[in-house]
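> Please find upload-v8.txt (compact mmCIF, N, CA and C atoms) on the next line:
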```
# COMPACT_ATOMS: atom_id res chain seq x y z
N GLY A 1 -11.83 -8.01 -12.72
CA GLY A 1 -13.09 -7.79 -13.32
C GLY A 1 -13.94 -9.06 -13.33
N GLU A 2 -15.13 -8.93 -13.74
CA GLU A 2 -16.04 -10.07 -13.81
C GLU A 2 -15.69 -10.94 -15.00
N GLY A 3 -15.78 -12.25 -14.81
CA GLY A 3 -15.54 -13.19 -15.89
C GLY A 3 -14.07 -13.36 -16.24
N VAL A 4 -13.20 -12.81 -15.43
CA VAL A 4 -11.76 -12.90 -15.67
C VAL A 4 -11.13 -13.65 -14.52
N ARG A 5 -10.22 -14.56 -14.86
CA ARG A 5 -9.51 -15.31 -13.82
C ARG A 5 -8.64 -14.35 -13.00
N ARG A 6 -8.65 -14.51 -11.70
CA ARG A 6 -7.84 -13.66 -10.83
C ARG A 6 -6.37 -14.01 -11.00
N ASP A 7 -5.57 -12.99 -11.09
CA ASP A 7 -4.12 -13.15 -11.24
C ASP A 7 -3.44 -12.06 -10.41
N PRO A 8 -3.21 -12.34 -9.11
CA PRO A 8 -2.64 -11.32 -8.23
C PRO A 8 -1.28 -10.79 -8.70
N ARG A 9 -0.46 -11.65 -9.29
CA ARG A 9 0.85 -11.17 -9.76
C ARG A 9 0.69 -10.15 -10.87
N ARG A 10 -0.19 -10.46 -11.81
CA ARG A 10 -0.43 -9.52 -12.91
C ARG A 10 -1.03 -8.22 -12.36
N GLY A 11 -1.94 -8.35 -11.41
CA GLY A 11 -2.54 -7.16 -10.80
C GLY A 11 -1.49 -6.28 -10.14
N ALA A 12 -0.59 -6.89 -9.38
CA ALA A 12 0.47 -6.12 -8.73
C ALA A 12 1.37 -5.46 -9.76
N ARG A 13 1.67 -6.16 -10.86
CA ARG A 13 2.50 -5.57 -11.93
C ARG A 13 1.79 -4.36 -12.56
N LEU A 14 0.50 -4.48 -12.77
CA LEU A 14 -0.25 -3.37 -13.36
C LEU A 14 -0.31 -2.17 -12.40
N TYR A 15 -0.52 -2.45 -11.12
CA TYR A 15 -0.50 -1.36 -10.13
C TYR A 15 0.87 -0.69 -10.11
N ALA A 16 1.94 -1.51 -10.17
CA ALA A 16 3.30 -0.96 -10.15
C ALA A 16 3.55 -0.07 -11.37
N ALA A 17 3.07 -0.51 -12.53
CA ALA A 17 3.24 0.29 -13.75
C ALA A 17 2.50 1.62 -13.63
N ALA A 18 1.28 1.58 -13.13
CA ALA A 18 0.51 2.82 -12.96
C ALA A 18 1.13 3.70 -11.89
N ALA A 19 1.64 3.09 -10.83
CA ALA A 19 2.28 3.86 -9.75
C ALA A 19 3.53 4.55 -10.29
N ALA A 20 4.27 3.88 -11.16
CA ALA A 20 5.48 4.48 -11.75
C ALA A 20 5.13 5.70 -12.59
N GLN A 21 3.90 5.76 -13.07
CA GLN A 21 3.44 6.91 -13.85
C GLN A 21 2.86 8.01 -12.96
N GLY A 22 2.88 7.77 -11.63
CA GLY A 22 2.43 8.79 -10.68
C GLY A 22 0.98 8.67 -10.24
N ASP A 23 0.33 7.56 -10.53
CA ASP A 23 -1.07 7.37 -10.13
C ASP A 23 -1.14 7.09 -8.63
N SER A 24 -1.70 8.02 -7.88
CA SER A 24 -1.71 7.89 -6.42
C SER A 24 -2.56 6.71 -5.94
N TRP A 25 -3.70 6.48 -6.58
CA TRP A 25 -4.58 5.38 -6.16
C TRP A 25 -3.90 4.03 -6.41
N ALA A 26 -3.26 3.87 -7.58
CA ALA A 26 -2.55 2.63 -7.88
C ALA A 26 -1.39 2.42 -6.90
N THR A 27 -0.74 3.50 -6.52
CA THR A 27 0.37 3.40 -5.56
C THR A 27 -0.15 2.90 -4.21
N CYS A 28 -1.31 3.40 -3.81
CA CYS A 28 -1.91 2.96 -2.56
C CYS A 28 -2.31 1.48 -2.65
N LEU A 29 -2.89 1.08 -3.77
CA LEU A 29 -3.29 -0.32 -3.95
C LEU A 29 -2.07 -1.23 -4.00
N LEU A 30 -0.98 -0.76 -4.59
CA LEU A 30 0.25 -1.54 -4.58
C LEU A 30 0.75 -1.72 -3.15
N GLY A 31 0.59 -0.69 -2.33
CA GLY A 31 0.94 -0.81 -0.91
C GLY A 31 0.14 -1.89 -0.23
N LEU A 32 -1.14 -2.00 -0.57
CA LEU A 32 -1.97 -3.07 0.00
C LEU A 32 -1.47 -4.43 -0.45
N CYS A 33 -1.05 -4.53 -1.71
CA CYS A 33 -0.49 -5.80 -2.21
C CYS A 33 0.73 -6.19 -1.38
N TYR A 34 1.64 -5.25 -1.15
CA TYR A 34 2.83 -5.54 -0.34
C TYR A 34 2.45 -5.85 1.11
N ARG A 35 1.50 -5.12 1.64
CA ARG A 35 1.09 -5.36 3.03
C ARG A 35 0.54 -6.77 3.22
N ASP A 36 -0.25 -7.22 2.24
CA ASP A 36 -0.94 -8.50 2.37
C ASP A 36 -0.28 -9.64 1.61
N GLY A 37 0.78 -9.36 0.86
CA GLY A 37 1.44 -10.39 0.08
C GLY A 37 0.60 -10.88 -1.08
N LEU A 38 -0.11 -9.99 -1.74
CA LEU A 38 -0.96 -10.35 -2.88
C LEU A 38 -0.21 -10.09 -4.18
N GLY A 39 0.26 -11.15 -4.81
CA GLY A 39 0.97 -11.02 -6.08
C GLY A 39 2.43 -10.65 -5.94
N VAL A 40 2.84 -10.33 -4.73
CA VAL A 40 4.23 -9.98 -4.41
C VAL A 40 4.56 -10.59 -3.05
N ARG A 41 5.84 -10.67 -2.74
CA ARG A 41 6.23 -11.14 -1.41
C ARG A 41 5.82 -10.08 -0.38
N ARG A 42 5.28 -10.51 0.74
CA ARG A 42 4.86 -9.58 1.78
C ARG A 42 6.08 -8.79 2.25
N ASP A 43 5.94 -7.46 2.24
CA ASP A 43 7.05 -6.58 2.58
C ASP A 43 6.47 -5.30 3.18
N LEU A 44 6.49 -5.21 4.50
CA LEU A 44 5.88 -4.06 5.17
C LEU A 44 6.64 -2.77 4.91
N ARG A 45 7.95 -2.85 4.70
CA ARG A 45 8.70 -1.63 4.38
C ARG A 45 8.30 -1.09 3.01
N ALA A 46 8.16 -2.01 2.05
CA ALA A 46 7.72 -1.58 0.72
C ALA A 46 6.30 -1.02 0.79
N ALA A 47 5.46 -1.64 1.61
CA ALA A 47 4.10 -1.15 1.78
C ALA A 47 4.12 0.27 2.33
N ARG A 48 4.94 0.51 3.34
CA ARG A 48 5.05 1.85 3.93
C ARG A 48 5.51 2.87 2.89
N ARG A 49 6.52 2.49 2.10
CA ARG A 49 7.01 3.42 1.06
C ARG A 49 5.90 3.75 0.07
N CYS A 50 5.13 2.74 -0.31
CA CYS A 50 4.02 2.97 -1.24
C CYS A 50 2.99 3.92 -0.64
N PHE A 51 2.62 3.68 0.60
CA PHE A 51 1.62 4.54 1.24
C PHE A 51 2.14 5.96 1.39
N GLU A 52 3.42 6.11 1.71
CA GLU A 52 4.00 7.45 1.82
C GLU A 52 4.00 8.16 0.46
N ARG A 53 4.39 7.43 -0.60
CA ARG A 53 4.36 8.00 -1.96
C ARG A 53 2.94 8.36 -2.38
N ALA A 54 2.00 7.47 -2.06
CA ALA A 54 0.60 7.73 -2.42
C ALA A 54 0.09 8.97 -1.71
N LEU A 55 0.47 9.14 -0.46
CA LEU A 55 0.04 10.31 0.30
C LEU A 55 0.59 11.59 -0.32
N ARG A 56 1.87 11.58 -0.68
CA ARG A 56 2.46 12.77 -1.32
C ARG A 56 1.78 13.06 -2.66
N ALA A 57 1.57 12.02 -3.46
CA ALA A 57 0.92 12.21 -4.77
C ALA A 57 -0.51 12.70 -4.60
N ALA A 58 -1.22 12.16 -3.61
CA ALA A 58 -2.61 12.57 -3.37
C ALA A 58 -2.66 14.03 -2.92
N ASP A 59 -1.67 14.45 -2.14
CA ASP A 59 -1.61 15.85 -1.73
C ASP A 59 -1.42 16.76 -2.95
N ARG A 60 -0.61 16.30 -3.92
CA ARG A 60 -0.37 17.10 -5.13
C ARG A 60 -1.60 17.17 -6.01
N ASP A 61 -2.28 16.03 -6.19
CA ASP A 61 -3.40 16.02 -7.15
C ASP A 61 -4.77 16.21 -6.49
N GLY A 62 -4.77 16.39 -5.16
CA GLY A 62 -6.03 16.68 -4.47
C GLY A 62 -6.96 15.49 -4.32
N ASN A 63 -6.43 14.28 -4.39
CA ASN A 63 -7.25 13.08 -4.27
C ASN A 63 -7.50 12.78 -2.79
N LYS A 64 -8.63 13.24 -2.30
CA LYS A 64 -8.94 13.10 -0.87
C LYS A 64 -9.12 11.65 -0.44
N GLU A 65 -9.73 10.83 -1.29
CA GLU A 65 -9.97 9.42 -0.95
C GLU A 65 -8.64 8.68 -0.79
N THR A 66 -7.72 8.90 -1.72
CA THR A 66 -6.41 8.25 -1.63
C THR A 66 -5.66 8.75 -0.41
N ARG A 67 -5.71 10.05 -0.18
CA ARG A 67 -5.02 10.63 0.98
C ARG A 67 -5.53 9.99 2.28
N LYS A 68 -6.84 9.84 2.40
CA LYS A 68 -7.44 9.25 3.60
C LYS A 68 -6.99 7.80 3.77
N MET A 69 -7.05 7.03 2.69
CA MET A 69 -6.68 5.62 2.77
C MET A 69 -5.20 5.46 3.11
N ALA A 70 -4.33 6.24 2.46
CA ALA A 70 -2.90 6.15 2.72
C ALA A 70 -2.59 6.50 4.17
N ARG A 71 -3.21 7.55 4.69
CA ARG A 71 -2.98 7.93 6.10
C ARG A 71 -3.41 6.82 7.04
N GLU A 72 -4.60 6.24 6.78
CA GLU A 72 -5.09 5.17 7.65
C GLU A 72 -4.15 3.97 7.63
N GLU A 73 -3.66 3.61 6.45
CA GLU A 73 -2.76 2.46 6.36
C GLU A 73 -1.42 2.74 7.03
N LEU A 74 -0.91 3.95 6.92
CA LEU A 74 0.33 4.31 7.61
C LEU A 74 0.14 4.25 9.12
N GLU A 75 -1.01 4.70 9.59
CA GLU A 75 -1.29 4.63 11.03
C GLU A 75 -1.34 3.18 11.51
N LYS A 76 -1.98 2.32 10.72
CA LYS A 76 -2.05 0.90 11.08
C LYS A 76 -0.66 0.28 11.13
N LEU A 77 0.17 0.58 10.12
CA LEU A 77 1.52 0.03 10.11
C LEU A 77 2.32 0.54 11.30
N GLY A 78 2.16 1.81 11.64
CA GLY A 78 2.86 2.37 12.79
C GLY A 78 2.43 1.72 14.09
N ALA A 79 1.14 1.50 14.25
CA ALA A 79 0.63 0.85 15.46
C ALA A 79 1.12 -0.58 15.55
N ALA A 80 1.14 -1.28 14.42
CA ALA A 80 1.60 -2.66 14.42
C ALA A 80 3.09 -2.74 14.77
N ALA A 81 3.88 -1.79 14.26
CA ALA A 81 5.31 -1.77 14.56
C ALA A 81 5.55 -1.51 16.04
N LYS A 82 4.79 -0.58 16.62
CA LYS A 82 4.92 -0.30 18.05
C LYS A 82 4.58 -1.52 18.87
N ASP A 83 3.53 -2.23 18.47
CA ASP A 83 3.12 -3.43 19.18
C ASP A 83 4.20 -4.50 19.12
N ARG A 84 4.84 -4.68 17.95
CA ARG A 84 5.91 -5.67 17.81
C ARG A 84 7.10 -5.31 18.69
N ARG A 85 7.46 -4.03 18.72
CA ARG A 85 8.58 -3.59 19.57
C ARG A 85 8.27 -3.81 21.04
N ARG A 86 7.02 -3.53 21.43
CA ARG A 86 6.62 -3.69 22.82
C ARG A 86 6.73 -5.16 23.25
N ARG A 87 6.31 -6.06 22.36
CA ARG A 87 6.36 -7.50 22.69
C ARG A 87 7.79 -8.00 22.78
N ARG A 88 8.70 -7.43 21.98
CA ARG A 88 10.10 -7.86 22.00
C ARG A 88 10.84 -7.36 23.24
N GLY A 89 10.50 -6.15 23.64
CA GLY A 89 11.34 -5.53 24.63
C GLY A 89 10.78 -5.37 25.94
```
For the structure just supplied, provide its representation as structure tokens.

Amino acid sequence: GEGVRRDPRRGARLYAAAAAQGDSWATCLLGLCYRDGLGVRRDLRAARRCFERALRAADRDGNKETRKMAREELEKLGAAAKDRRRRRG
């Protein structure tokens, strides 16, 4: 928020708490934290799990914006993984 010192760790903890309560948007934002290493150690597997959970929750609660964002992020992670495999092999 405005006038508040940024604290990525606290932000990630708050997103995690809301995600544990089933909030699809918070789950998606937590996935972004894991993807980018904001407030948590960068972990693409954890990011993927968050996006998958957010997508399922968004399907249940009808949150189209979250569903769209989660799908886009999963597609990006999939494309990045394919690219890494291609470069290795």
> From a DSSP pass on the backbone, collect the residues of chain A flagged as alpha helix (DSSP H) and hand them back as a CSV table (one decimal) with N, CA and C atoms, in the coordinates of the input.

```csv
chain,number,residue,atom,x,y,z
A,8,PRO,N,-3.2,-12.3,-9.1
A,8,PRO,CA,-2.6,-11.3,-8.2
A,8,PRO,C,-1.3,-10.8,-8.7
A,9,ARG,N,-0.5,-11.6,-9.3
A,9,ARG,CA,0.8,-11.2,-9.8
A,9,ARG,C,0.7,-10.2,-10.9
A,10,ARG,N,-0.2,-10.5,-11.8
A,10,ARG,CA,-0.4,-9.5,-12.9
A,10,ARG,C,-1.0,-8.2,-12.4
A,11,GLY,N,-1.9,-8.4,-11.4
A,11,GLY,CA,-2.5,-7.2,-10.8
A,11,GLY,C,-1.5,-6.3,-10.1
A,12,ALA,N,-0.6,-6.9,-9.4
A,12,ALA,CA,0.5,-6.1,-8.7
A,12,ALA,C,1.4,-5.5,-9.8
A,13,ARG,N,1.7,-6.2,-10.9
A,13,ARG,CA,2.5,-5.6,-11.9
A,13,ARG,C,1.8,-4.4,-12.6
A,14,LEU,N,0.5,-4.5,-12.8
A,14,LEU,CA,-0.2,-3.4,-13.4
A,14,LEU,C,-0.3,-2.2,-12.4
A,15,TYR,N,-0.5,-2.4,-11.1
A,15,TYR,CA,-0.5,-1.4,-10.1
A,15,TYR,C,0.9,-0.7,-10.1
A,16,ALA,N,1.9,-1.5,-10.2
A,16,ALA,CA,3.3,-1.0,-10.2
A,16,ALA,C,3.6,-0.1,-11.4
A,17,ALA,N,3.1,-0.5,-12.5
A,17,ALA,CA,3.2,0.3,-13.8
A,17,ALA,C,2.5,1.6,-13.6
A,18,ALA,N,1.3,1.6,-13.1
A,18,ALA,CA,0.5,2.8,-13.0
A,18,ALA,C,1.1,3.7,-11.9
A,19,ALA,N,1.6,3.1,-10.8
A,19,ALA,CA,2.3,3.9,-9.8
A,19,ALA,C,3.5,4.6,-10.3
A,20,ALA,N,4.3,3.9,-11.2
A,20,ALA,CA,5.5,4.5,-11.8
A,20,ALA,C,5.1,5.7,-12.6
A,24,SER,N,-1.7,8.0,-7.9
A,24,SER,CA,-1.7,7.9,-6.4
A,24,SER,C,-2.6,6.7,-5.9
A,25,TRP,N,-3.7,6.5,-6.6
A,25,TRP,CA,-4.6,5.4,-6.2
A,25,TRP,C,-3.9,4.0,-6.4
A,26,ALA,N,-3.3,3.9,-7.6
A,26,ALA,CA,-2.6,2.6,-7.9
A,26,ALA,C,-1.4,2.4,-6.9
A,27,THR,N,-0.7,3.5,-6.5
A,27,THR,CA,0.4,3.4,-5.6
A,27,THR,C,-0.2,2.9,-4.2
A,28,CYS,N,-1.3,3.4,-3.8
A,28,CYS,CA,-1.9,3.0,-2.6
A,28,CYS,C,-2.3,1.5,-2.6
A,29,LEU,N,-2.9,1.1,-3.8
A,29,LEU,CA,-3.3,-0.3,-4.0
A,29,LEU,C,-2.1,-1.2,-4.0
A,30,LEU,N,-1.0,-0.8,-4.6
A,30,LEU,CA,0.2,-1.5,-4.6
A,30,LEU,C,0.8,-1.7,-3.2
A,31,GLY,N,0.6,-0.7,-2.3
A,31,GLY,CA,0.9,-0.8,-0.9
A,31,GLY,C,0.1,-1.9,-0.2
A,32,LEU,N,-1.1,-2.0,-0.6
A,32,LEU,CA,-2.0,-3.1,0.0
A,32,LEU,C,-1.5,-4.4,-0.4
A,33,CYS,N,-1.0,-4.5,-1.7
A,33,CYS,CA,-0.5,-5.8,-2.2
A,33,CYS,C,0.7,-6.2,-1.4
A,34,TYR,N,1.6,-5.2,-1.2
A,34,TYR,CA,2.8,-5.5,-0.3
A,34,TYR,C,2.4,-5.8,1.1
A,35,ARG,N,1.5,-5.1,1.6
A,35,ARG,CA,1.1,-5.4,3.0
A,35,ARG,C,0.5,-6.8,3.2
A,36,ASP,N,-0.2,-7.2,2.2
A,36,ASP,CA,-0.9,-8.5,2.4
A,36,ASP,C,-0.3,-9.6,1.6
A,44,LEU,N,6.5,-5.2,4.5
A,44,LEU,CA,5.9,-4.1,5.2
A,44,LEU,C,6.6,-2.8,4.9
A,45,ARG,N,8.0,-2.8,4.7
A,45,ARG,CA,8.7,-1.6,4.4
A,45,ARG,C,8.3,-1.1,3.0
A,46,ALA,N,8.2,-2.0,2.0
A,46,ALA,CA,7.7,-1.6,0.7
A,46,ALA,C,6.3,-1.0,0.8
A,47,ALA,N,5.5,-1.6,1.6
A,47,ALA,CA,4.1,-1.2,1.8
A,47,ALA,C,4.1,0.3,2.3
A,48,ARG,N,4.9,0.5,3.3
A,48,ARG,CA,5.0,1.8,3.9
A,48,ARG,C,5.5,2.9,2.9
A,49,ARG,N,6.5,2.5,2.1
A,49,ARG,CA,7.0,3.4,1.1
A,49,ARG,C,5.9,3.8,0.1
A,50,CYS,N,5.1,2.7,-0.3
A,50,CYS,CA,4.0,3.0,-1.2
A,50,CYS,C,3.0,3.9,-0.6
A,51,PHE,N,2.6,3.7,0.6
A,51,PHE,CA,1.6,4.5,1.2
A,51,PHE,C,2.1,6.0,1.4
A,52,GLU,N,3.4,6.1,1.7
A,52,GLU,CA,4.0,7.4,1.8
A,52,GLU,C,4.0,8.2,0.5
A,53,ARG,N,4.4,7.4,-0.6
A,53,ARG,CA,4.4,8.0,-2.0
A,53,ARG,C,2.9,8.4,-2.4
A,54,ALA,N,2.0,7.5,-2.1
A,54,ALA,CA,0.6,7.7,-2.4
A,54,ALA,C,0.1,9.0,-1.7
A,55,LEU,N,0.5,9.1,-0.5
A,55,LEU,CA,0.0,10.3,0.3
A,55,LEU,C,0.6,11.6,-0.3
A,56,ARG,N,1.9,11.6,-0.7
A,56,ARG,CA,2.5,12.8,-1.3
A,56,ARG,C,1.8,13.1,-2.7
A,57,ALA,N,1.6,12.0,-3.5
A,57,ALA,CA,0.9,12.2,-4.8
A,57,ALA,C,-0.5,12.7,-4.6
A,58,ALA,N,-1.2,12.2,-3.6
A,58,ALA,CA,-2.6,12.6,-3.4
A,58,ALA,C,-2.7,14.0,-2.9
A,59,ASP,N,-1.7,14.4,-2.1
A,59,ASP,CA,-1.6,15.8,-1.7
A,59,ASP,C,-1.4,16.8,-3.0
A,60,ARG,N,-0.6,16.3,-3.9
A,60,ARG,CA,-0.4,17.1,-5.1
A,60,ARG,C,-1.6,17.2,-6.0
A,61,ASP,N,-2.3,16.0,-6.2
A,61,ASP,CA,-3.4,16.0,-7.2
A,61,ASP,C,-4.8,16.2,-6.5
A,64,LYS,N,-8.6,13.2,-2.3
A,64,LYS,CA,-8.9,13.1,-0.9
A,64,LYS,C,-9.1,11.6,-0.4
A,65,GLU,N,-9.7,10.8,-1.3
A,65,GLU,CA,-10.0,9.4,-1.0
A,65,GLU,C,-8.6,8.7,-0.8
A,66,THR,N,-7.7,8.9,-1.7
A,66,THR,CA,-6.4,8.2,-1.6
A,66,THR,C,-5.7,8.8,-0.4
A,67,ARG,N,-5.7,10.0,-0.2
A,67,ARG,CA,-5.0,10.6,1.0
A,67,ARG,C,-5.5,10.0,2.3
A,68,LYS,N,-6.8,9.8,2.4
A,68,LYS,CA,-7.4,9.2,3.6
A,68,LYS,C,-7.0,7.8,3.8
A,69,MET,N,-7.0,7.0,2.7
A,69,MET,CA,-6.7,5.6,2.8
A,69,MET,C,-5.2,5.5,3.1
A,70,ALA,N,-4.3,6.2,2.5
A,70,ALA,CA,-2.9,6.2,2.7
A,70,ALA,C,-2.6,6.5,4.2
A,71,ARG,N,-3.2,7.6,4.7
A,71,ARG,CA,-3.0,7.9,6.1
A,71,ARG,C,-3.4,6.8,7.0
A,72,GLU,N,-4.6,6.2,6.8
A,72,GLU,CA,-5.1,5.2,7.6
A,72,GLU,C,-4.2,4.0,7.6
A,73,GLU,N,-3.7,3.6,6.4
A,73,GLU,CA,-2.8,2.5,6.4
A,73,GLU,C,-1.4,2.7,7.0
A,74,LEU,N,-0.9,4.0,6.9
A,74,LEU,CA,0.3,4.3,7.6
A,74,LEU,C,0.1,4.2,9.1
A,75,GLU,N,-1.0,4.7,9.6
A,75,GLU,CA,-1.3,4.6,11.0
A,75,GLU,C,-1.3,3.2,11.5
A,76,LYS,N,-2.0,2.3,10.7
A,76,LYS,CA,-2.0,0.9,11.1
A,76,LYS,C,-0.7,0.3,11.1
A,77,LEU,N,0.2,0.6,10.1
A,77,LEU,CA,1.5,0.0,10.1
A,77,LEU,C,2.3,0.5,11.3
A,78,GLY,N,2.2,1.8,11.6
A,78,GLY,CA,2.9,2.4,12.8
A,78,GLY,C,2.4,1.7,14.1
A,79,ALA,N,1.1,1.5,14.2
A,79,ALA,CA,0.6,0.8,15.5
A,79,ALA,C,1.1,-0.6,15.6
A,80,ALA,N,1.1,-1.3,14.4
A,80,ALA,CA,1.6,-2.7,14.4
A,80,ALA,C,3.1,-2.7,14.8
A,81,ALA,N,3.9,-1.8,14.3
A,81,ALA,CA,5.3,-1.8,14.6
A,81,ALA,C,5.6,-1.5,16.0
A,82,LYS,N,4.8,-0.6,16.6
A,82,LYS,CA,4.9,-0.3,18.0
A,82,LYS,C,4.6,-1.5,18.9
A,83,ASP,N,3.5,-2.2,18.5
A,83,ASP,CA,3.1,-3.4,19.2
A,83,ASP,C,4.2,-4.5,19.1
A,84,ARG,N,4.8,-4.7,18.0
A,84,ARG,CA,5.9,-5.7,17.8
A,84,ARG,C,7.1,-5.3,18.7
A,85,ARG,N,7.5,-4.0,18.7
A,85,ARG,CA,8.6,-3.6,19.6
A,85,ARG,C,8.3,-3.8,21.0
A,86,ARG,N,7.0,-3.5,21.4
A,86,ARG,CA,6.6,-3.7,22.8
A,86,ARG,C,6.7,-5.2,23.2
A,87,ARG,N,6.3,-6.1,22.4
A,87,ARG,CA,6.4,-7.5,22.7
A,87,ARG,C,7.8,-8.0,22.8
A,88,ARG,N,8.7,-7.4,22.0
A,88,ARG,CA,10.1,-7.9,22.0
A,88,ARG,C,10.8,-7.4,23.2
```
> For Gln21 of chain A, which of A:Met69, A:Asp59, A:Ala54, A:Arg88 is the closest residue, counting only C-alpha atoms?
A:Ala54
> For segment 6-10 of chain A, work out the shell of residues within 9 Å, counting only C-alpha atoms and skipping chain neighbours fewer than 3 positions away, then give it as a PyMOL selection string.
chain A and resi 1+13-15+33+38-40
> Compile a residue-level contact table for segment 33-64 of chain A against segment 71-74 of chain A at a cut-off of 12 Å, reporting for every qualifying residue the shortest atom pair and its distance in Å to one decimal, with only C-alpha atoms counted, rows ordered by chain and ascending number, as a tab-separated table.

```
residue	atom	partner	partner_atom	distance
A:Tyr34	CA	A:Glu73	CA	11.8
A:Arg35	CA	A:Glu73	CA	9.3
A:Asp36	CA	A:Glu73	CA	11.8
A:Leu44	CA	A:Leu74	CA	10.3
A:Arg45	CA	A:Leu74	CA	10.8
A:Ala46	CA	A:Leu74	CA	11.7
A:Ala47	CA	A:Leu74	CA	8.8
A:Arg48	CA	A:Leu74	CA	6.5
A:Arg49	CA	A:Leu74	CA	9.4
A:Cys50	CA	A:Leu74	CA	9.7
A:Phe51	CA	A:Leu74	CA	6.5
A:Glu52	CA	A:Leu74	CA	7.5
A:Arg53	CA	A:Arg71	CA	10.9
A:Ala54	CA	A:Arg71	CA	9.2
A:Leu55	CA	A:Arg71	CA	7.0
A:Arg56	CA	A:Arg71	CA	10.4
A:Ala58	CA	A:Arg71	CA	10.6
A:Asp59	CA	A:Arg71	CA	11.2
A:Lys64	CA	A:Arg71	CA	10.5
```
> Which distance in Å separates atom CA of Leu29 of chain A and atom CA of Asn63 of chain A, to one decimal?
14.0 Å
> Take atom CA of Asp23 of chain A and atom CA of Ala57 of chain A and report the distance between them in Å, one decimal.
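Here the two named atoms are 7.5 Å from each other.
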> What gap, in Å, lies between atom C of Thr27 of chain A and atom C of Lys68 of chain A?
11.6 Å
